[in-house]
file final-v8.txt (compact mmCIF, N, CA and C atoms)
# COMPACT_ATOMS: atom_id res chain seq x y z
N MET A 1 7.93 -11.67 -7.45
CA MET A 1 7.49 -12.15 -6.14
C MET A 1 6.89 -13.54 -6.30
N THR A 2 7.29 -14.42 -5.42
CA THR A 2 6.77 -15.78 -5.45
C THR A 2 5.79 -15.97 -4.29
N ALA A 3 5.07 -17.09 -4.35
CA ALA A 3 4.16 -17.42 -3.26
C ALA A 3 4.94 -17.59 -1.96
N SER A 4 6.15 -18.10 -2.07
CA SER A 4 7.00 -18.28 -0.90
C SER A 4 7.38 -16.92 -0.30
N ASP A 5 7.68 -15.93 -1.17
CA ASP A 5 7.98 -14.57 -0.69
C ASP A 5 6.79 -14.02 0.10
N LEU A 6 5.61 -14.18 -0.46
CA LEU A 6 4.40 -13.68 0.19
C LEU A 6 4.19 -14.38 1.52
N GLU A 7 4.35 -15.69 1.55
CA GLU A 7 4.15 -16.45 2.79
C GLU A 7 5.15 -16.01 3.86
N GLN A 8 6.42 -15.90 3.50
CA GLN A 8 7.44 -15.50 4.47
C GLN A 8 7.21 -14.08 4.98
N PHE A 9 6.88 -13.17 4.08
CA PHE A 9 6.64 -11.79 4.47
C PHE A 9 5.41 -11.70 5.36
N ALA A 10 4.35 -12.36 4.97
CA ALA A 10 3.11 -12.31 5.75
C ALA A 10 3.33 -12.89 7.15
N ALA A 11 4.07 -13.98 7.25
CA ALA A 11 4.34 -14.58 8.57
C ALA A 11 5.15 -13.61 9.43
N TRP A 12 6.16 -12.97 8.82
CA TRP A 12 6.99 -12.01 9.56
C TRP A 12 6.16 -10.82 10.04
N ILE A 13 5.38 -10.25 9.14
CA ILE A 13 4.63 -9.04 9.50
C ILE A 13 3.49 -9.39 10.47
N GLU A 14 2.93 -10.57 10.35
CA GLU A 14 1.89 -11.01 11.29
C GLU A 14 2.45 -11.06 12.71
N ASP A 15 3.62 -11.62 12.85
CA ASP A 15 4.28 -11.68 14.15
C ASP A 15 4.59 -10.27 14.66
N LEU A 16 5.07 -9.42 13.78
CA LEU A 16 5.39 -8.04 14.14
C LEU A 16 4.14 -7.28 14.60
N ILE A 17 3.06 -7.46 13.89
CA ILE A 17 1.79 -6.80 14.24
C ILE A 17 1.35 -7.23 15.64
N ARG A 18 1.44 -8.51 15.91
CA ARG A 18 1.06 -9.00 17.24
C ARG A 18 1.97 -8.41 18.32
N ARG A 19 3.29 -8.39 18.06
CA ARG A 19 4.22 -7.86 19.05
C ARG A 19 3.99 -6.38 19.31
N ARG A 20 3.41 -5.68 18.36
CA ARG A 20 3.13 -4.25 18.54
C ARG A 20 1.78 -4.03 19.24
N GLY A 21 1.11 -5.13 19.63
CA GLY A 21 -0.09 -5.01 20.45
C GLY A 21 -1.40 -4.98 19.69
N TYR A 22 -1.40 -5.32 18.42
CA TYR A 22 -2.65 -5.34 17.65
C TYR A 22 -3.26 -6.73 17.75
N ASP A 23 -4.51 -6.80 18.20
CA ASP A 23 -5.22 -8.08 18.33
C ASP A 23 -5.80 -8.44 16.97
N ILE A 24 -5.07 -9.27 16.24
CA ILE A 24 -5.53 -9.68 14.91
C ILE A 24 -6.09 -11.09 14.90
N ASP A 25 -6.16 -11.71 16.08
CA ASP A 25 -6.60 -13.10 16.15
C ASP A 25 -8.07 -13.27 16.48
N SER A 26 -8.61 -12.42 17.34
CA SER A 26 -10.01 -12.56 17.69
C SER A 26 -10.87 -11.73 16.74
N PRO A 27 -12.02 -12.26 16.35
CA PRO A 27 -12.86 -11.57 15.37
C PRO A 27 -13.30 -10.18 15.83
N ARG A 28 -13.43 -9.99 17.11
CA ARG A 28 -13.89 -8.69 17.61
C ARG A 28 -12.78 -7.89 18.28
N GLY A 29 -11.54 -8.32 18.09
CA GLY A 29 -10.41 -7.63 18.71
C GLY A 29 -10.16 -6.25 18.12
N GLY A 30 -10.52 -6.07 16.86
CA GLY A 30 -10.37 -4.77 16.23
C GLY A 30 -8.96 -4.42 15.80
N GLY A 31 -8.04 -5.36 15.92
CA GLY A 31 -6.64 -5.06 15.60
C GLY A 31 -6.41 -4.69 14.15
N LYS A 32 -7.05 -5.40 13.23
CA LYS A 32 -6.88 -5.09 11.80
C LYS A 32 -7.41 -3.70 11.49
N SER A 33 -8.57 -3.39 12.04
CA SER A 33 -9.16 -2.07 11.79
C SER A 33 -8.32 -0.97 12.41
N ARG A 34 -7.85 -1.19 13.63
CA ARG A 34 -7.03 -0.18 14.31
C ARG A 34 -5.73 0.05 13.55
N LEU A 35 -5.08 -1.04 13.11
CA LEU A 35 -3.85 -0.92 12.34
C LEU A 35 -4.11 -0.17 11.04
N ALA A 36 -5.17 -0.53 10.35
CA ALA A 36 -5.50 0.13 9.09
C ALA A 36 -5.76 1.63 9.32
N ASP A 37 -6.50 1.95 10.36
CA ASP A 37 -6.79 3.36 10.68
C ASP A 37 -5.52 4.13 10.99
N GLU A 38 -4.66 3.56 11.83
CA GLU A 38 -3.43 4.25 12.22
C GLU A 38 -2.48 4.42 11.04
N ALA A 39 -2.49 3.46 10.12
CA ALA A 39 -1.62 3.54 8.94
C ALA A 39 -2.25 4.35 7.82
N GLY A 40 -3.56 4.58 7.90
CA GLY A 40 -4.24 5.32 6.83
C GLY A 40 -4.39 4.49 5.57
N VAL A 41 -4.64 3.19 5.75
CA VAL A 41 -4.82 2.29 4.61
C VAL A 41 -6.16 1.58 4.75
N HIS A 42 -6.58 0.91 3.69
CA HIS A 42 -7.82 0.16 3.74
C HIS A 42 -7.63 -1.12 4.55
N ARG A 43 -8.64 -1.45 5.33
CA ARG A 43 -8.59 -2.68 6.12
C ARG A 43 -8.43 -3.89 5.21
N ALA A 44 -9.02 -3.82 4.02
CA ALA A 44 -8.93 -4.94 3.08
C ALA A 44 -7.48 -5.25 2.71
N ALA A 45 -6.63 -4.23 2.64
CA ALA A 45 -5.21 -4.46 2.31
C ALA A 45 -4.55 -5.28 3.42
N ILE A 46 -4.90 -4.99 4.65
CA ILE A 46 -4.35 -5.74 5.80
C ILE A 46 -4.87 -7.18 5.75
N THR A 47 -6.16 -7.33 5.52
CA THR A 47 -6.77 -8.66 5.46
C THR A 47 -6.16 -9.49 4.34
N ARG A 48 -6.01 -8.92 3.15
CA ARG A 48 -5.43 -9.67 2.02
C ARG A 48 -4.00 -10.13 2.32
N LEU A 49 -3.24 -9.27 2.99
CA LEU A 49 -1.87 -9.65 3.36
C LEU A 49 -1.88 -10.78 4.37
N LEU A 50 -2.66 -10.64 5.43
CA LEU A 50 -2.68 -11.65 6.48
C LEU A 50 -3.26 -12.98 6.01
N GLN A 51 -4.11 -12.94 4.98
CA GLN A 51 -4.65 -14.17 4.40
C GLN A 51 -3.78 -14.71 3.27
N ARG A 52 -2.61 -14.06 3.07
CA ARG A 52 -1.64 -14.49 2.05
C ARG A 52 -2.22 -14.43 0.64
N GLN A 53 -3.10 -13.44 0.40
CA GLN A 53 -3.70 -13.28 -0.91
C GLN A 53 -2.92 -12.33 -1.81
N SER A 54 -2.36 -11.25 -1.20
CA SER A 54 -1.60 -10.31 -2.02
C SER A 54 -0.65 -9.50 -1.15
N MET A 55 0.40 -9.04 -1.80
CA MET A 55 1.39 -8.18 -1.17
C MET A 55 0.85 -6.75 -1.21
N PRO A 56 1.06 -5.97 -0.16
CA PRO A 56 0.59 -4.58 -0.18
C PRO A 56 1.37 -3.76 -1.21
N ASP A 57 0.73 -2.71 -1.75
CA ASP A 57 1.43 -1.85 -2.70
C ASP A 57 2.49 -1.05 -1.95
N LEU A 58 3.29 -0.31 -2.70
CA LEU A 58 4.42 0.40 -2.10
C LEU A 58 3.97 1.42 -1.05
N GLU A 59 2.94 2.19 -1.33
CA GLU A 59 2.48 3.20 -0.37
C GLU A 59 1.94 2.54 0.90
N THR A 60 1.20 1.45 0.77
CA THR A 60 0.70 0.73 1.94
C THR A 60 1.88 0.18 2.74
N THR A 61 2.88 -0.35 2.05
CA THR A 61 4.07 -0.87 2.72
C THR A 61 4.76 0.24 3.50
N ARG A 62 4.90 1.41 2.89
CA ARG A 62 5.54 2.54 3.55
C ARG A 62 4.78 2.95 4.81
N ARG A 63 3.47 3.02 4.69
CA ARG A 63 2.64 3.43 5.83
C ARG A 63 2.67 2.39 6.95
N LEU A 64 2.63 1.12 6.59
CA LEU A 64 2.72 0.07 7.60
C LEU A 64 4.07 0.11 8.31
N ALA A 65 5.13 0.33 7.55
CA ALA A 65 6.46 0.41 8.14
C ALA A 65 6.51 1.51 9.18
N HIS A 66 5.94 2.65 8.85
CA HIS A 66 5.95 3.78 9.78
C HIS A 66 5.18 3.44 11.07
N VAL A 67 3.99 2.90 10.93
CA VAL A 67 3.16 2.58 12.10
C VAL A 67 3.78 1.47 12.94
N LEU A 68 4.40 0.50 12.29
CA LEU A 68 4.97 -0.64 13.01
C LEU A 68 6.39 -0.37 13.49
N GLY A 69 6.94 0.80 13.12
CA GLY A 69 8.27 1.17 13.59
C GLY A 69 9.38 0.36 12.96
N VAL A 70 9.23 0.04 11.70
CA VAL A 70 10.22 -0.74 10.97
C VAL A 70 10.72 0.10 9.80
N PRO A 71 12.03 0.10 9.55
CA PRO A 71 12.51 0.84 8.40
C PRO A 71 11.88 0.31 7.10
N VAL A 72 11.53 1.22 6.21
CA VAL A 72 10.93 0.83 4.93
C VAL A 72 11.89 -0.11 4.19
N ARG A 73 13.18 0.14 4.33
CA ARG A 73 14.19 -0.72 3.69
C ARG A 73 13.97 -2.18 4.09
N ASP A 74 13.78 -2.42 5.39
CA ASP A 74 13.57 -3.79 5.87
C ASP A 74 12.29 -4.39 5.29
N MET A 75 11.25 -3.59 5.23
CA MET A 75 9.98 -4.07 4.67
C MET A 75 10.16 -4.47 3.20
N LEU A 76 10.85 -3.65 2.43
CA LEU A 76 11.03 -3.94 1.01
C LEU A 76 11.90 -5.18 0.79
N ILE A 77 12.92 -5.34 1.60
CA ILE A 77 13.79 -6.51 1.47
C ILE A 77 13.05 -7.77 1.91
N ARG A 78 12.38 -7.72 3.05
CA ARG A 78 11.65 -8.90 3.54
C ARG A 78 10.50 -9.29 2.62
N SER A 79 9.94 -8.31 1.91
CA SER A 79 8.83 -8.62 1.00
C SER A 79 9.33 -9.29 -0.28
N GLY A 80 10.64 -9.23 -0.51
CA GLY A 80 11.19 -9.82 -1.73
C GLY A 80 11.16 -8.88 -2.92
N ARG A 81 10.68 -7.66 -2.71
CA ARG A 81 10.64 -6.69 -3.81
C ARG A 81 12.02 -6.22 -4.21
N LEU A 82 12.87 -6.03 -3.22
CA LEU A 82 14.24 -5.57 -3.46
C LEU A 82 15.19 -6.40 -2.61
N SER A 83 16.45 -6.38 -2.99
CA SER A 83 17.45 -7.13 -2.23
C SER A 83 18.33 -6.15 -1.45
N GLU A 84 19.15 -6.69 -0.57
CA GLU A 84 20.07 -5.85 0.18
C GLU A 84 21.05 -5.17 -0.77
N ASP A 85 21.36 -5.82 -1.89
CA ASP A 85 22.24 -5.21 -2.89
C ASP A 85 21.56 -4.00 -3.54
N ASP A 86 20.23 -4.07 -3.69
CA ASP A 86 19.49 -2.95 -4.27
C ASP A 86 19.45 -1.75 -3.33
N LEU A 87 19.50 -2.02 -2.03
CA LEU A 87 19.39 -0.96 -1.01
C LEU A 87 20.54 -1.07 -0.01
N PRO A 88 21.76 -0.82 -0.47
CA PRO A 88 22.90 -0.98 0.45
C PRO A 88 22.88 0.09 1.54
N LEU A 89 23.36 -0.30 2.69
CA LEU A 89 23.52 0.64 3.80
C LEU A 89 24.84 1.37 3.60
N PRO A 90 24.91 2.64 4.00
CA PRO A 90 26.19 3.34 3.91
C PRO A 90 27.20 2.69 4.85
N ALA A 91 28.44 2.66 4.43
CA ALA A 91 29.50 2.11 5.27
C ALA A 91 29.69 3.01 6.47
N ALA A 92 30.10 2.43 7.58
CA ALA A 92 30.34 3.24 8.79
C ALA A 92 31.36 4.31 8.47
N GLY A 93 31.05 5.52 8.86
CA GLY A 93 31.97 6.62 8.62
C GLY A 93 31.68 7.37 7.33
N ASP A 94 30.80 6.84 6.46
CA ASP A 94 30.46 7.56 5.23
C ASP A 94 29.55 8.72 5.57
N GLY A 95 29.62 9.73 4.80
CA GLY A 95 28.71 10.86 4.96
C GLY A 95 29.25 11.88 5.92
N ALA A 96 28.63 13.05 5.90
CA ALA A 96 29.10 14.17 6.70
C ALA A 96 28.81 13.99 8.19
N ALA A 97 27.83 13.18 8.54
CA ALA A 97 27.43 13.06 9.93
C ALA A 97 28.38 12.20 10.75
N GLY A 98 29.17 11.36 10.11
CA GLY A 98 30.13 10.55 10.82
C GLY A 98 29.55 9.22 11.26
N PRO A 99 30.40 8.33 11.81
CA PRO A 99 29.98 6.98 12.16
C PRO A 99 28.94 6.93 13.28
N ALA A 100 28.97 7.86 14.21
CA ALA A 100 28.00 7.82 15.31
C ALA A 100 26.58 7.97 14.78
N ALA A 101 26.39 8.83 13.77
CA ALA A 101 25.05 9.04 13.22
C ALA A 101 24.53 7.79 12.53
N ALA A 102 25.42 7.00 11.93
CA ALA A 102 25.00 5.78 11.24
C ALA A 102 24.48 4.75 12.24
N GLN A 103 24.93 4.82 13.50
CA GLN A 103 24.53 3.85 14.51
C GLN A 103 23.35 4.33 15.35
N ARG A 104 22.97 5.58 15.22
CA ARG A 104 21.90 6.14 16.05
C ARG A 104 20.55 5.58 15.64
N LEU A 105 19.77 5.15 16.61
CA LEU A 105 18.42 4.66 16.37
C LEU A 105 17.45 5.83 16.29
N THR A 106 16.40 5.66 15.52
CA THR A 106 15.31 6.62 15.60
C THR A 106 14.53 6.30 16.87
N LEU A 107 13.72 7.26 17.31
CA LEU A 107 12.91 7.00 18.50
C LEU A 107 11.91 5.88 18.24
N GLU A 108 11.43 5.77 16.99
CA GLU A 108 10.51 4.69 16.64
C GLU A 108 11.21 3.34 16.74
N GLU A 109 12.47 3.26 16.24
CA GLU A 109 13.21 2.02 16.33
C GLU A 109 13.49 1.66 17.78
N ALA A 110 13.79 2.67 18.60
CA ALA A 110 14.03 2.42 20.02
C ALA A 110 12.77 1.88 20.69
N ALA A 111 11.62 2.50 20.40
CA ALA A 111 10.36 2.04 20.98
C ALA A 111 10.09 0.60 20.58
N ALA A 112 10.29 0.30 19.29
CA ALA A 112 10.07 -1.07 18.81
C ALA A 112 11.02 -2.05 19.48
N GLY A 113 12.29 -1.68 19.54
CA GLY A 113 13.30 -2.56 20.12
C GLY A 113 13.10 -2.80 21.61
N LEU A 114 12.56 -1.81 22.29
CA LEU A 114 12.31 -1.94 23.72
C LEU A 114 10.97 -2.59 24.04
N GLY A 115 10.16 -2.82 23.01
CA GLY A 115 8.86 -3.46 23.22
C GLY A 115 7.80 -2.54 23.78
N VAL A 116 7.94 -1.24 23.54
CA VAL A 116 6.91 -0.30 24.01
C VAL A 116 5.62 -0.59 23.25
N PRO A 117 4.50 -0.75 23.93
CA PRO A 117 3.23 -1.02 23.23
C PRO A 117 2.91 0.11 22.24
N ALA A 118 2.37 -0.26 21.10
CA ALA A 118 2.10 0.70 20.03
C ALA A 118 1.24 1.87 20.49
N ASP A 119 0.30 1.62 21.39
CA ASP A 119 -0.57 2.70 21.85
C ASP A 119 0.16 3.68 22.78
N GLN A 120 1.40 3.36 23.16
CA GLN A 120 2.17 4.25 24.03
C GLN A 120 3.36 4.88 23.33
N TRP A 121 3.49 4.62 22.01
CA TRP A 121 4.64 5.14 21.26
C TRP A 121 4.67 6.66 21.26
N GLU A 122 3.53 7.29 21.07
CA GLU A 122 3.51 8.75 20.99
C GLU A 122 4.08 9.36 22.27
N MET A 123 3.66 8.86 23.41
CA MET A 123 4.16 9.37 24.69
C MET A 123 5.64 9.05 24.84
N PHE A 124 6.05 7.84 24.48
CA PHE A 124 7.45 7.45 24.58
C PHE A 124 8.31 8.39 23.74
N ILE A 125 7.90 8.65 22.51
CA ILE A 125 8.67 9.50 21.61
C ILE A 125 8.73 10.93 22.14
N LYS A 126 7.63 11.39 22.67
CA LYS A 126 7.59 12.76 23.22
C LYS A 126 8.54 12.89 24.41
N VAL A 127 8.50 11.93 25.32
CA VAL A 127 9.33 11.99 26.51
C VAL A 127 10.80 11.74 26.16
N ALA A 128 11.08 10.69 25.43
CA ALA A 128 12.46 10.35 25.09
C ALA A 128 13.10 11.44 24.23
N GLY A 129 12.32 12.06 23.37
CA GLY A 129 12.84 13.12 22.51
C GLY A 129 13.37 14.30 23.29
N GLN A 130 12.89 14.50 24.50
CA GLN A 130 13.35 15.61 25.33
C GLN A 130 14.80 15.41 25.79
N PHE A 131 15.28 14.18 25.75
CA PHE A 131 16.63 13.90 26.23
C PHE A 131 17.67 13.89 25.12
N LEU A 132 17.24 14.05 23.89
CA LEU A 132 18.17 14.05 22.77
C LEU A 132 18.75 15.44 22.56
N PRO A 133 20.00 15.49 22.11
CA PRO A 133 20.58 16.81 21.83
C PRO A 133 19.85 17.46 20.66
N ALA A 134 19.79 18.77 20.69
CA ALA A 134 19.15 19.50 19.60
C ALA A 134 20.00 19.34 18.35
N ALA A 135 19.33 19.34 17.20
CA ALA A 135 20.06 19.27 15.93
C ALA A 135 20.88 20.54 15.78
N PRO A 136 22.08 20.43 15.20
CA PRO A 136 22.89 21.64 15.03
C PRO A 136 22.17 22.64 14.13
N ALA A 137 22.29 23.90 14.49
CA ALA A 137 21.64 24.96 13.70
C ALA A 137 22.36 25.10 12.36
N ARG A 138 21.59 25.34 11.33
CA ARG A 138 22.19 25.56 10.02
C ARG A 138 22.64 27.00 9.92
N ARG A 139 23.77 27.17 9.31
CA ARG A 139 24.26 28.52 9.10
C ARG A 139 23.58 29.11 7.87
N ALA A 140 23.27 30.37 7.95
CA ALA A 140 22.70 31.06 6.80
C ALA A 140 23.78 31.25 5.76
N PRO A 141 23.43 31.11 4.48
CA PRO A 141 24.45 31.31 3.44
C PRO A 141 24.92 32.76 3.48
N LEU A 142 26.19 32.94 3.14
CA LEU A 142 26.76 34.28 3.10
C LEU A 142 26.15 35.08 1.97
N ALA A 143 25.90 36.34 2.23
CA ALA A 143 25.34 37.20 1.19
C ALA A 143 26.42 37.49 0.15
N LYS A 144 25.99 37.56 -1.10
CA LYS A 144 26.92 37.87 -2.17
C LYS A 144 27.27 39.34 -2.11
N GLU A 145 28.53 39.63 -2.32
CA GLU A 145 28.97 41.03 -2.25
C GLU A 145 29.01 41.66 -3.60
call {"tool": "encode", "arguments": {"input": "final-v8.txt", "output": "structure tokens"}}
result
Amino acid sequence: MTASDLEQFAAWIEDLIRRRGYDIDSPRGGGKSRLADEAGVHRAAITRLLQRQSMPDLETTRRLAHVLGVPVRDMLIRSGRLSEDDLPLPAAGDGAAGPAAAQRLTLEEAAAGLGVPADQWEMFIKVAGQFLPAAPARRAPLAKE
């Protein structure tokens, strides 16, 4: 990781944090603390990242990705830790689920893409989830004769 990687990642995530409704600019806005609480990480990790002092560890990155509604893959690539070659996406049509499943957004990705404020994601996911088809039931394995 280079200083440039850290700068680019921090600038990207700073913008993302703001777009998700966290007030990280005013000293009393509480955005850093709220983000840290919701992600279950130390506030200092958020502060160090935003001040371009250090990259978050893998677990902090994973937790931030979840709270911010970003795939962990994107976080790892943007941080410079891994490349797209290290984490290739399956080709359309690969896998048992078929090409439609490869294009399906998660409810978190939909909320992020639609600009739903972070404090309303839980309600959005609950309501939108009601309109999705149920997952196919798994068949029980056949008993041995």
call {"tool": "select_by_dssp", "arguments": {"input": "final-v8.txt", "residues": "chain A", "states": "helix (DSSP H, G or I)", "output": "VMD selection string"}}
result
chain A and resid 3 to 19 31 to 39 43 to 50 58 to 68 72 to 78 99 to 103 107 to 114 118 to 129
call {"tool": "residues_around", "arguments": {"input": "final-v8.txt", "residues": "segment 38-46 of chain A", "least_positions_apart": "4", "cutoff": "7 Å", "atoms": "all atoms listed in the file", "output": "ChimeraX atom specification"}}
result
/A:32-34,50-51,56,60,63-64,67
call {"tool": "residues_around", "arguments": {"input": "final-v8.txt", "residues": "Pro117 of chain A", "least_positions_apart": "2", "cutoff": "12 Å", "atoms": "only C-alpha atoms", "output": "count of residues only"}}
result
24
call {"tool": "closest_residue", "arguments": {"input": "final-v8.txt", "among": "A:Ala36, A:Ile24, A:Val72, A:Leu49", "to": "Ala10 of chain A", "atoms": "all atoms listed in the file"}}
result
A:Leu49
call {"tool": "residues_near_point", "arguments": {"input": "final-v8.txt", "point": "(10.4, -6.6, 8.7)", "cutoff": "8 Å", "atoms": "only N, CA and C atoms", "output": "PyMOL selection string"}}
result
chain A and resi 9+12-13+16+70-71+73-79
call {"tool": "atom_distance", "arguments": {"input": "final-v8.txt", "atom1": "atom C of Val127 of chain A", "atom2": "atom C of Thr106 of chain A"}}
result
11.4 Å
call {"tool": "atom_distance", "arguments": {"input": "final-v8.txt", "atom1": "atom CA of Glu59 of chain A", "atom2": "atom CA of Arg81 of chain A"}}
result
13.3 Å
call {"tool": "closest_residue", "arguments": {"input": "final-v8.txt", "among": "A:Met55, A:Ala118, A:Leu35, A:Leu132", "to": "Leu6 of chain A", "atoms": "only C-alpha atoms"}}
result
A:Met55
call {"tool": "atom_distance", "arguments": {"input": "final-v8.txt", "atom1": "atom CA of Ala65 of chain A", "atom2": "atom CA of Leu107 of chain A"}}
result
13.9 Å
